[in-house]
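One structure is given here, and the rest of the page talks about it.
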Amino acid sequence: MAKCACSILFISALFQIILCVLAQKSKFANVSPASFIWKDAELNKDCSAREIENSSLRVTHIQGKCSPFRLPNSTWWSVIVESIKGDEHRYRAIMNRSVGRSFKTSSPIRPQEDTDVPLSSAKGGGNYIIKLGFGTPIQNFYLEVDTGSDITWIPCAPCSSCSSALFSPSKSSTYKYLTCASKPCQDLGICGNDKNSNCSVGERYGDQSEVDQLMSSETLSVSSQYVKDFVFGCAYSLKGPLIQSSPGLIGFGRDSVSFVSQTAALYDRTFSYCLPSLGSSAFTGSLRLGKTALSIPGLQFTPLLSNAQLPPFYFLGLTGISVGEELISIPAGTGKGTIIDSGTVISRLVEPAYNAMRDSFRRQMSNLTLARPSEPFDTCYKVPSKAVKFPVITLHFENSLDLSLPMENTLFPGNARGSVLCLAFALPPDGGDSNTVSIIGNYQQQNFRVVHDVPGSRLGIASENCDA
């Protein structure tokens, strides 16, 4: 009997040791530099595929093979590096959001006057695009999906400063321009005393970009579904590097004029996206509209928070970050909160959180030689051709949502050969003091299904192979 008891104790101890070893291994992952040699577009990629279903749309990187905006004579790695440079403009625009809208008493746009401008390539841009239709008959446009904006806008004729295709109001039988007496314009709070004036909005951003637009309504086509009297901005003037090259934008923010709010009766203010890996320019993901996304297996939820100073954005409670075996706590009140954003590429963390995470990462990678920093990354390594172990980074959110990042979401290739790998996080452009926000960018969201359940005030995340 004694021998039997000893055997049981020995087996139990051995089992605990095995569990401990497995847990230890899960804190690190092997990385092969070859896996960070990103593939350019395959010649046989079919970009004509239809949408999966009525409430599902294909999501394409604006510089991907299935996008009409790919920069000519460029490599896939180089256009992604270029798109990261746009993060700096976007971050400053977010922080200067209070420089907002103005009312214009008159509008230079004349709905019956059309100008034909050929499609031209967008420059840079870290966003993802979907295809939507405007008007009767339908005029199709690719628009950038932006979870940080409320007003949807498209370039309209006549617009001499727009570098993308133009919507022709005079060719649609369902187009209407709105006056200041209309409810959407009243809700925006931008109109003066003359209620008969056209509702013209001038949006100014932190990098001095401007969009001047005439608020309008139109029938919107979402795959085979239709949204009547959809309110949007008919842009007649674009200025600035952040805006001028944009094909247009669909606002998935939280305000009353956003796509999410305007289609509440159809999709119940619920949507999800799955962004593809950047491993190939041919990969595409998906955007799902409606509550079907809530039934995805493996979803973990964290509360959606809000910030009165930045009302369109989706805030989360980031409570800590694990780097391998080390847990870094992030006290409440660090910075102005954490945004999850579709339009920012690389995650930016306020200074106390970023410095602690970076220093822990460096301590655990002391066996490798630091390479020259590659803006905006300050922690890069020369890696040998054989596999190397890197610590797994896990983001901890309120309600025990733990997001363990795959290596493709953790490291960024510092060159096209993959022989230099950088920690794919950064400080905000002007430093990360207490007056700044942290942002979870789309690079860290690759191959996750991200569900925005606005009525339930929660955000869900589940691992998913988004590459199609």
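Ligands are numbered from 1 in the order shown, residues from 1 within each chain, and chains are lettered A, B, ... in the order they appear in the structure tokens.
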
Strand (DSSP E or B) residues, from DSSP on the backbone, in range 199-444 of chain A, as a PyMOL selection string: chain A and resi 200-204+210-222+225-239+249-251+270-275+280+285-289+300-303+305+315-316+318-323+326-329+338-340+347-348+370+374+377+380-382+388-391+393-397+401-404+411-413+420-423+425-426+438-440

Would you pick out the contacts of Pro312 in chain A at 7 Å or less, using only C-alpha atoms, so that residues sharing its chain but fewer than 4 positions from it are not included, and give the list as a list in words?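 Near Pro312 in chain A, the qualifying residues are Gly148, Ser149, Asp150, Gly253, Arg254 and Asp255 of chain A.
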
For the selection you just gave me, I'd like the residues written to a file as a short mmCIF file (atom, residue, chain, number, x, y, z; two decimals), in the first residue's frame, keeping all heavy atoms.
data_model
loop_
_atom_site.label_atom_id
_atom_site.label_comp_id
_atom_site.auth_asym_id
_atom_site.auth_seq_id
_atom_site.Cartn_x
_atom_site.Cartn_y
_atom_site.Cartn_z
N GLY A 148 -12.59 55.29 -35.93
CA GLY A 148 -12.40 56.52 -35.19
C GLY A 148 -13.09 57.72 -35.80
O GLY A 148 -12.86 58.85 -35.38
N SER A 149 -13.94 57.51 -36.80
CA SER A 149 -14.65 58.61 -37.46
C SER A 149 -16.14 58.36 -37.41
O SER A 149 -16.61 57.23 -37.34
CB SER A 149 -14.19 58.76 -38.91
OG SER A 149 -12.85 59.17 -38.98
N ASP A 150 -16.90 59.45 -37.48
CA ASP A 150 -18.35 59.32 -37.49
C ASP A 150 -18.93 59.59 -38.87
O ASP A 150 -19.68 58.79 -39.41
CB ASP A 150 -18.99 60.22 -36.43
CG ASP A 150 -18.40 61.62 -36.41
OD1 ASP A 150 -17.67 61.96 -37.35
OD2 ASP A 150 -18.67 62.36 -35.45
N GLY A 253 -17.50 54.92 -36.19
CA GLY A 253 -17.43 55.39 -34.81
C GLY A 253 -18.77 55.27 -34.10
O GLY A 253 -19.70 54.62 -34.58
N ARG A 254 -18.91 55.96 -32.96
CA ARG A 254 -20.06 55.76 -32.09
C ARG A 254 -21.08 56.89 -32.14
O ARG A 254 -22.12 56.81 -31.49
CB ARG A 254 -19.57 55.59 -30.65
CG ARG A 254 -18.56 54.48 -30.49
CD ARG A 254 -17.89 54.47 -29.14
NE ARG A 254 -18.64 53.77 -28.13
CZ ARG A 254 -18.17 53.39 -26.95
NH1 ARG A 254 -16.91 53.65 -26.65
NH2 ARG A 254 -18.92 52.77 -26.08
N ASP A 255 -20.82 57.97 -32.89
CA ASP A 255 -21.73 59.10 -32.91
C ASP A 255 -22.97 58.83 -33.74
O ASP A 255 -23.04 57.85 -34.49
CB ASP A 255 -21.01 60.35 -33.42
CG ASP A 255 -20.08 60.95 -32.38
OD1 ASP A 255 -20.03 60.41 -31.26
OD2 ASP A 255 -19.40 61.95 -32.69
#

Selection: 10 Å around range 315-328 of chain A, only C-alpha atoms, excl. self and same-chain fewer than 6 positions, as a PyMOL selection string: chain A and resi 23-29+302-307+334+336-341+353-354+356-361+364+390-404+437-440+458-459

Per-residue nearest contacts of range 257-318 of chain A to range 211-219 of chain A (12 Å; only C-alpha atoms) as a tab-separated table:
residue	atom	partner	partner_atom	distance
A:Val257	CA	A:Met215	CA	10.7
A:Gln262	CA	A:Ser217	CA	11.4
A:Thr263	CA	A:Thr219	CA	12.0

Using only C-alpha atoms, please write the residues we just selected to a file, as a PDB file, in the first residue's frame.
ATOM      1  CA  VAL A 257     -24.227  60.086 -37.903  1.00  0.00           C
ATOM      2  CA  GLN A 262     -27.547  54.979 -39.075  1.00  0.00           C
ATOM      3  CA  THR A 263     -27.909  51.267 -39.824  1.00  0.00           C
TER       4      THR A 263
END

Leu287 in chain A: which residues within 8 Å, counting only C-alpha atoms, same-chain residues fewer than 5 positions away excluded, as JSON, numbers by chain? {"A": [56, 57, 58, 59, 271, 272, 273, 274]}

Name the residues in contact with Val420 in chain A at a cut-off of 12 Å, using only C-alpha atoms, excluding same-chain residues fewer than 2 positions from it; report them as a PyMOL selection string. chain A and resi 31-34+36-37+368-374+377+379-385+411-418+422-423

File dump, residues just selected, N, CA and C atoms, as a short mmCIF file (atom, residue, chain, number, x, y, z; two decimals), in the first residue's frame:
data_model
loop_
_atom_site.label_atom_id
_atom_site.label_comp_id
_atom_site.auth_asym_id
_atom_site.auth_seq_id
_atom_site.Cartn_x
_atom_site.Cartn_y
_atom_site.Cartn_z
N VAL A 31 10.87 31.60 -33.59
CA VAL A 31 10.66 32.48 -34.75
C VAL A 31 11.72 32.19 -35.79
N SER A 32 11.27 31.94 -37.00
CA SER A 32 12.18 31.78 -38.13
C SER A 32 12.17 33.06 -38.96
N PRO A 33 13.33 33.64 -39.24
CA PRO A 33 13.37 34.87 -40.05
C PRO A 33 12.68 34.70 -41.40
N ALA A 34 12.69 33.47 -41.93
CA ALA A 34 12.07 33.22 -43.24
C ALA A 34 10.57 33.53 -43.22
N PHE A 36 9.21 35.99 -41.95
CA PHE A 36 9.00 37.44 -42.04
C PHE A 36 9.48 38.00 -43.38
N ILE A 37 9.68 37.11 -44.35
CA ILE A 37 9.90 37.56 -45.72
C ILE A 37 8.53 37.61 -46.38
N LEU A 368 20.72 38.27 -28.05
CA LEU A 368 20.84 38.78 -29.41
C LEU A 368 21.43 40.19 -29.41
N THR A 369 22.04 40.56 -30.53
CA THR A 369 22.64 41.88 -30.68
C THR A 369 21.61 42.89 -31.17
N LEU A 370 21.51 44.01 -30.48
CA LEU A 370 20.59 45.07 -30.91
C LEU A 370 21.08 45.65 -32.24
N ALA A 371 20.16 45.84 -33.14
CA ALA A 371 20.47 46.47 -34.43
C ALA A 371 20.11 47.95 -34.37
N ARG A 372 20.47 48.68 -35.40
CA ARG A 372 20.16 50.10 -35.45
C ARG A 372 18.64 50.29 -35.46
N PRO A 373 18.12 51.21 -34.63
CA PRO A 373 16.66 51.43 -34.61
C PRO A 373 16.13 51.79 -35.99
N SER A 374 14.90 51.38 -36.24
CA SER A 374 14.23 51.66 -37.51
C SER A 374 12.91 52.35 -37.19
N PHE A 377 10.45 52.15 -34.56
CA PHE A 377 10.84 51.09 -33.62
C PHE A 377 12.20 51.38 -33.02
N THR A 379 13.62 49.01 -30.77
CA THR A 379 14.16 47.73 -30.28
C THR A 379 14.17 46.73 -31.43
N CYS A 380 15.29 46.64 -32.11
CA CYS A 380 15.45 45.76 -33.26
C CYS A 380 16.66 44.84 -33.04
N TYR A 381 16.59 43.64 -33.63
CA TYR A 381 17.65 42.66 -33.44
C TYR A 381 18.09 42.05 -34.77
N LYS A 382 19.40 41.82 -34.88
CA LYS A 382 19.90 41.00 -35.97
C LYS A 382 19.66 39.55 -35.60
N VAL A 383 18.98 38.82 -36.46
CA VAL A 383 18.62 37.44 -36.11
C VAL A 383 19.34 36.47 -37.05
N PRO A 384 19.82 35.34 -36.51
CA PRO A 384 20.47 34.34 -37.36
C PRO A 384 19.45 33.63 -38.23
N SER A 385 19.92 32.85 -39.16
CA SER A 385 19.02 32.16 -40.09
C SER A 385 18.22 31.05 -39.41
N LEU A 411 6.34 41.09 -33.86
CA LEU A 411 7.60 41.52 -34.48
C LEU A 411 7.33 42.09 -35.87
N PHE A 412 8.16 43.06 -36.26
CA PHE A 412 8.04 43.67 -37.59
C PHE A 412 9.38 43.54 -38.29
N PRO A 413 9.38 43.08 -39.57
CA PRO A 413 10.66 42.92 -40.27
C PRO A 413 11.33 44.27 -40.54
N GLY A 414 12.55 44.41 -40.06
CA GLY A 414 13.28 45.67 -40.24
C GLY A 414 13.86 45.81 -41.63
N ASN A 415 13.84 44.74 -42.41
CA ASN A 415 14.21 44.82 -43.81
C ASN A 415 13.43 43.75 -44.57
N ALA A 416 13.48 43.80 -45.89
CA ALA A 416 12.68 42.89 -46.72
C ALA A 416 13.16 41.45 -46.61
N ARG A 417 14.39 41.23 -46.11
CA ARG A 417 14.95 39.88 -46.00
C ARG A 417 14.56 39.19 -44.70
N GLY A 418 14.03 39.93 -43.74
CA GLY A 418 13.66 39.35 -42.46
C GLY A 418 14.83 39.09 -41.55
N CYS A 422 12.04 43.70 -35.40
CA CYS A 422 11.83 44.77 -34.42
C CYS A 422 10.59 44.48 -33.58
N LEU A 423 10.63 44.90 -32.34
CA LEU A 423 9.45 44.86 -31.48
C LEU A 423 8.42 45.82 -32.07
#

Any chance you could list, as number ranges by chain, the residues in range 173-412 of chain A that come up helix (DSSP H, G or I) when DSSP is run on the backbone? A: 183-188, 259-262, 264-267, 291-295, 351-364, 398-400, 407-410

Convert the current residue selection to file output with C-alpha atoms, as a PDB file, in the first residue's frame.
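Done, and the output landed in selection-v2.pdb:
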ATOM      1  CA  LYS A 183     -32.464  66.720 -38.371  1.00  0.00           C
ATOM      2  CA  PRO A 184     -28.979  65.300 -39.161  1.00  0.00           C
ATOM      3  CA  CYS A 185     -27.564  68.795 -39.411  1.00  0.00           C
ATOM      4  CA  GLN A 186     -29.335  69.847 -36.248  1.00  0.00           C
ATOM      5  CA  ASP A 187     -27.858  66.808 -34.505  1.00  0.00           C
ATOM      6  CA  LEU A 188     -24.373  67.783 -35.659  1.00  0.00           C
ATOM      7  CA  PHE A 259     -22.606  54.073 -40.306  1.00  0.00           C
ATOM      8  CA  VAL A 260     -23.046  52.029 -37.130  1.00  0.00           C
ATOM      9  CA  SER A 261     -25.765  54.334 -35.780  1.00  0.00           C
ATOM     10  CA  GLN A 262     -27.547  54.979 -39.075  1.00  0.00           C
ATOM     11  CA  ALA A 264     -28.977  50.324 -36.277  1.00  0.00           C
ATOM     12  CA  ALA A 265     -32.364  48.997 -37.448  1.00  0.00           C
ATOM     13  CA  LEU A 266     -30.639  46.675 -39.913  1.00  0.00           C
ATOM     14  CA  TYR A 267     -27.497  45.604 -38.041  1.00  0.00           C
ATOM     15  CA  LYS A 291     -25.364  40.034 -34.320  1.00  0.00           C
ATOM     16  CA  THR A 292     -24.295  36.840 -36.097  1.00  0.00           C
ATOM     17  CA  ALA A 293     -20.739  37.741 -35.096  1.00  0.00           C
ATOM     18  CA  LEU A 294     -21.655  37.243 -31.418  1.00  0.00           C
ATOM     19  CA  SER A 295     -21.955  33.474 -31.930  1.00  0.00           C
ATOM     20  CA  GLU A 351       5.513  56.152 -21.820  1.00  0.00           C
ATOM     21  CA  PRO A 352       5.376  54.314 -18.458  1.00  0.00           C
ATOM     22  CA  ALA A 353       3.731  51.253 -20.017  1.00  0.00           C
ATOM     23  CA  TYR A 354       5.882  51.206 -23.139  1.00  0.00           C
ATOM     24  CA  ASN A 355       9.210  51.691 -21.368  1.00  0.00           C
ATOM     25  CA  ALA A 356       8.463  48.916 -18.879  1.00  0.00           C
ATOM     26  CA  MET A 357       7.387  46.506 -21.653  1.00  0.00           C
ATOM     27  CA  ARG A 358      10.354  47.346 -23.889  1.00  0.00           C
ATOM     28  CA  ASP A 359      12.904  47.025 -21.063  1.00  0.00           C
ATOM     29  CA  SER A 360      11.514  43.640 -20.066  1.00  0.00           C
ATOM     30  CA  PHE A 361      11.638  42.474 -23.684  1.00  0.00           C
ATOM     31  CA  ARG A 362      15.262  43.612 -24.001  1.00  0.00           C
ATOM     32  CA  ARG A 363      16.293  41.838 -20.791  1.00  0.00           C
ATOM     33  CA  GLN A 364      14.826  38.586 -22.053  1.00  0.00           C
ATOM     34  CA  GLU A 398     -10.682  44.289 -17.974  1.00  0.00           C
ATOM     35  CA  ASN A 399     -12.962  41.307 -17.361  1.00  0.00           C
ATOM     36  CA  SER A 400     -10.013  38.881 -17.705  1.00  0.00           C
ATOM     37  CA  MET A 407       4.796  36.446 -33.376  1.00  0.00           C
ATOM     38  CA  GLU A 408       3.540  37.957 -36.653  1.00  0.00           C
ATOM     39  CA  ASN A 409       1.658  40.511 -34.506  1.00  0.00           C
ATOM     40  CA  THR A 410       4.619  41.054 -32.163  1.00  0.00           C
TER      41      THR A 410
END

Contacts of Gly335 in chain A at 7 Å (only C-alpha atoms; same-chain gap of 6+ positions) as a ChimeraX atom specification: /A:350,433-437

Could you write out the selected residues, including C-alpha atoms, as an mmCIF file, in the first residue's frame?
data_model
loop_
_atom_site.group_PDB
_atom_site.id
_atom_site.type_symbol
_atom_site.label_atom_id
_atom_site.label_comp_id
_atom_site.auth_asym_id
_atom_site.auth_seq_id
_atom_site.Cartn_x
_atom_site.Cartn_y
_atom_site.Cartn_z
ATOM 1 C CA VAL A 350 2.016 55.767 -23.193
ATOM 2 C CA ASP A 433 3.067 61.595 -21.203
ATOM 3 C CA SER A 434 -0.094 61.634 -19.071
ATOM 4 C CA ASN A 435 -1.990 63.706 -21.658
ATOM 5 C CA THR A 436 -1.791 61.086 -24.394
ATOM 6 C CA VAL A 437 -3.715 57.918 -25.228
#

One decimal, Å: what's the distance from CA of Phe448 in chain A over to CA of Pro297 in chain A, could you say? 12.0 Å

How many Å separate CA of Ser182 in chain A from CA of Val145 in chain A?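 Spanning CA of Ser182 in chain A to CA of Val145 in chain A is a straight-line distance of 26.2 Å.
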
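Residues lying within 9 Å of Val222 in chain A, counting only C-alpha atoms and ignoring same-chain neighbours fewer than 6 positions away, are Asn54, Ser55, Ser56, Leu57, Lys131, Leu132 and Gly133 of chain A.
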
Limited to C-alpha atoms, could you put the picked residues into a file as a PDB file, in the first residue's frame?
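Final file, selection00.pdb:
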ATOM      1  CA  ASN A  54     -25.600  39.905 -47.484  1.00  0.00           C
ATOM      2  CA  SER A  55     -24.090  41.119 -44.217  1.00  0.00           C
ATOM      3  CA  SER A  56     -20.469  40.192 -44.956  1.00  0.00           C
ATOM      4  CA  LEU A  57     -18.014  42.269 -46.973  1.00  0.00           C
ATOM      5  CA  LYS A 131     -16.598  48.207 -51.534  1.00  0.00           C
ATOM      6  CA  LEU A 132     -19.950  50.013 -51.223  1.00  0.00           C
ATOM      7  CA  GLY A 133     -22.438  51.490 -53.652  1.00  0.00           C
TER       8      GLY A 133
END

Report the distance between CA of Ser342 in chain A and CA of Asn30 in chain A in Å, rounded to one decimal place.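 Distance between the two atoms: 28.2 Å.
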